[in-house]
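**Q** I'd like to ask you about the structure that follows.
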2 protein chains.
Amino acid sequence: MLSLALASFLFQQADPDVAGLTPNEIADAAPAGDWRAIDPDHLLVIGLADGDEVTIELNSDFAPVHVANIQAMAREGFWIPGASVYRVQDNYVVQWGHRDDAPELPATVEENPPAEYVRPVEGLSVRSFGMRDSYAAAVGFANGWPVALYADGTASLTHCYGTVGVGRDLSPDTGTGEELYAVIGHAPRHLDRNIAIVGRVIDGMEHFTSLTRGTETLGMYPEGEIAAGIVRVALASQMPPETRPAYGVLREDSTAFARYVSVRANRDDAFYDVPAGGVDICNVQVPVRRIAR
Amino acid sequence: MLSLALASFLFQQADPDVAGLTPNEIADAAPAGDWRAIDPDHLLVIGLADGDEVTIELNSDFAPVHVANIQAMAREGFWIPGASVYRVQDNYVVQWGHRDDAPELPATVEENPPAEYVRPVEGLSVRSFGMRDSYAAAVGFANGWPVALYADGTASLTHCYGTVGVGRDLSPDTGTGEELYAVIGHAPRHLDRNIAIVGRVIDGMEHFTSLTRGTETLGMYPEGEIAAGIVRVALASQMPPETRPAYGVLREDSTAFARYVSVRANRDDAFYDVPAGGVDICNVQVPVRRIAR
């Protein structure tokens with residue numbers, strides 16, 4: 001079911017109940033029931049050689065074959081040893097995987113996945129909050145993810161800061177998922193509908209973004225050099241329940257989320273003189289929090 | 001004079017003369033006459049302690065008092081010694097200046113500048129290319145800078161990746177320019193009209209963006225620690241003509257710029273299957289090139 005909120009919503013002043021609060025203060029105050037727990041099969045932990053960790057939430061609603069590939073590669077230990085971050089292009093992406101000499105793919109991996117760049121809007125429940133967009137007919141949130149809606153009845157996830165997608169060669173290749181990238185700059189929305197989006201970084205993003213930029217074309221590191229070694233790629237479901245990480249995502253059908261978007265569009269805390277009266281979808285980072293066990 | 005191009009412009013397919021070209025290929029092919037040389041009084045070079053340099057173009061069209069302050073501080077050596085980058089907040093800003101114990105301001109510095117956050121649209125020549133925006137009534141380019149236009153007849157520069165603004169305390173303080181920040185993440189457009197924008201990073205951005213993020217609130221470094229020392233802040237006009245850097249900015253009234261925007265909105269080079277049909281203003285990085293002397 002497609003449910004678009006009234007277009008006028010966003011351009012009102014913030015709810016008087018939250019006057020003067022920051023977006024983070026609103027999210028922090030959301031009750032426990034407003035948070036969707038992330039399924040441990042959709043939580044991918046990447047361990048870097050220096051001990052830092054980057055945690056990614058996977059999304060099977062748009063690119064299920066690609067995500068199943070990634071889950072299989074994690075379970076089968078496809079990336080370890082040998083994977084690294086080997087591309088860091090400023091204001092664009094970091095990219096990782098086996099740069100050369102990748103081992104054989106696990107037997108369950110689909111080597112030629114379909115072009116899972118869009119899906120039907122049908123079947124998604126989308127809340128738009130009246131946000132204007134520079135690219136698509138409409139944008140909104142579905143199950144905690146930013147989505148774009150097109151005039152032909154299709155929807156895609158959007159390339160925002162932290163979005164994780166599947167590296168590919170020229171079309172019709174769609175990539176297997178063995179090489180992934182994360183956006184580290186301003187949203188490159190022109191990639192929407194041209195590449196498979198499979199997830200987003202939800203923790204440890206700063207370990208990707210602060211890597212030294214590569215000096216070769218497209219931010220590649222010179223042959224034989226890497227930005228960071230990767231020593232672990234594991235789903236939370238592969239870890240013992242008592243030690244696996246757990247995260248919650250603020251549900252977009254909660255009152256707290258509506259207030260959060262409204263205040264992102266109309267900051268009225270002490271620093272601000274003029275509320276913007278609008279916000280672009282990639283400037284509404286969906287609140288995610290680590291859950292203590 | 002306000003000249004807005006036809007709204008339909010952007011949503012056409014790219015000019016057949018540039019079919020298959022990338023935006024960078026179009027900019028690289030622009031003839032010498034399409035490039036505006038940056039005035040050496042508006043080129044600010046920041047030297048970091050490790051030898052790296054970050055170069056900023058200043059803009060006096062929106063915040064002339066703040067920019068005059070910065071030029072005076074550079075000429076008088078206000079920042080050296082003692083300045084540093086002391087704040088690095090992921091997906092937001094780096095900030096620099098004298099964190100503590102700033103020396104006395106040069107005599108010509110205005111200590112309480114007016115709130116130069118907007119200016120009248122009157123007097124600006126703006127080309128919009130029909131771009132849609134999530135924040136303002138319209139957006140476009142004026143003298144090579146991204147600008148937002150509001151229903152009340154005012155215009156502001158926009159907070160995009162690399163935008164440089166003036167750190168300030170709560171209003172009515174507007175900052176003197178002695179503490180500056182640069183945007184290192186997705187465009188925080190909600191800051192538009194709330195802070196004085198004075199420039200943009202045009203070279204060496206990666207030396208800011210790859211700094212280790214600060215661990216304290218707002219990305220601050222702990223007391224007594226810094227992200228990077230600053231050993232030089234100088235206008236190009238303070239350097240001998242034979243060694244000063246020189247840059248050109250692609251003029252927005254050139255054919256090359258119109259083609260560049262059109263192709264940013266409608267990528268049709270080999271990687272792309274579906275042209276976006278639109279682009280947001282912060283995803284149109286105005287081409288800047290270093291000029292050999």
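As shown in the structure tokens, the chain order sets the letters A, B, ...; within each chain, residues go from 1, and ligands are also counted from 1 in the order they appear.
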Please give the complete set of residues from range 73-285 of chain A that DSSP, run on the backbone, assigns to alpha helix (DSSP H), formatted as a list in words.
**A**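 Of range 73-285 of chain A, the ones in alpha helix (DSSP H) are Met73, Ala74, Arg75, Met205, Glu206, His207, Phe208, Thr209, Thr255, Ala256, Phe257, Ala258, Arg259, Tyr260, Val261, Ser262, Val263, Arg264 and Ala265 of chain A.
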**Q** Per residue of chain A within 9 Å of chain B, note the shortest atom pair and the distance in Å to one decimal, counting only C-alpha atoms, and order the rows by chain and increasing residue number, as CSV.
**A**
```
residue,atom,partner,partner_atom,distance
A:Asp90,CA,B:Glu206,CA,6.2
A:Asn91,CA,B:Tyr161,CA,7.7
A:Met131,CA,B:Ser134,CA,6.9
A:Arg132,CA,B:Ser134,CA,4.8
A:Asp133,CA,B:Ser134,CA,5.6
A:Ser134,CA,B:Arg132,CA,4.8
A:Tyr135,CA,B:Gly278,CA,4.8
A:Ala136,CA,B:Gly278,CA,8.0
A:Cys160,CA,B:His186,CA,7.9
A:Tyr161,CA,B:His186,CA,6.4
A:Asp169,CA,B:Phe271,CA,7.7
A:Leu170,CA,B:Phe271,CA,5.3
A:Ser171,CA,B:Phe271,CA,6.7
A:Ile184,CA,B:Gly185,CA,7.4
A:Gly185,CA,B:Gly185,CA,5.4
A:His186,CA,B:His186,CA,4.2
A:Ala187,CA,B:His186,CA,6.3
A:Pro188,CA,B:Asn283,CA,6.9
A:Arg189,CA,B:Ala276,CA,7.8
A:His190,CA,B:Ala276,CA,5.3
A:Leu191,CA,B:Tyr272,CA,7.9
A:Asp192,CA,B:Ala276,CA,7.6
A:Arg193,CA,B:Val274,CA,6.5
A:Asn194,CA,B:Asp273,CA,5.8
A:Ile195,CA,B:Tyr272,CA,8.8
A:Met205,CA,B:Asp90,CA,8.0
A:Glu206,CA,B:Asp90,CA,6.2
A:His207,CA,B:Thr212,CA,8.4
A:Thr209,CA,B:Ser210,CA,6.5
A:Ser210,CA,B:Ser210,CA,3.9
A:Leu211,CA,B:Ser210,CA,5.5
A:Thr212,CA,B:Ser210,CA,5.6
A:Arg213,CA,B:Glu206,CA,6.6
A:Arg264,CA,B:His190,CA,7.9
A:Ala265,CA,B:His190,CA,7.3
A:Asn266,CA,B:His190,CA,8.0
A:Arg267,CA,B:His190,CA,7.5
A:Ala270,CA,B:Leu170,CA,6.8
A:Phe271,CA,B:Leu170,CA,5.3
A:Tyr272,CA,B:Asn194,CA,6.0
A:Asp273,CA,B:Asn194,CA,5.9
A:Val274,CA,B:Asn194,CA,6.2
A:Pro275,CA,B:His190,CA,7.2
A:Ala276,CA,B:His190,CA,5.3
A:Gly277,CA,B:Tyr135,CA,6.5
A:Gly278,CA,B:Tyr135,CA,4.8
A:Val279,CA,B:Ser134,CA,5.6
A:Asp280,CA,B:Ser134,CA,5.3
A:Ile281,CA,B:Ser134,CA,8.6
A:Cys282,CA,B:His186,CA,7.5
A:Asn283,CA,B:Pro188,CA,6.9
```
**Q** Determine which residues of range 41-218 of chain A DSSP labels as strand (DSSP E or B) from the backbone of this structure, then write them out as number ranges by chain.
**A** A: 43-48, 53-58, 84-88, 93-97, 119-120, 127, 138-142, 145-149, 154-157, 163-166, 180-183, 197-203
**Q** Which is closest to Ala115 in chain B among B:Ala37, B:Val65, B:Ala19, B:Val286, if we use only C-alpha atoms?
**A**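 Checking each candidate against Ala115 in chain B, we get B:Val65 as the closest.
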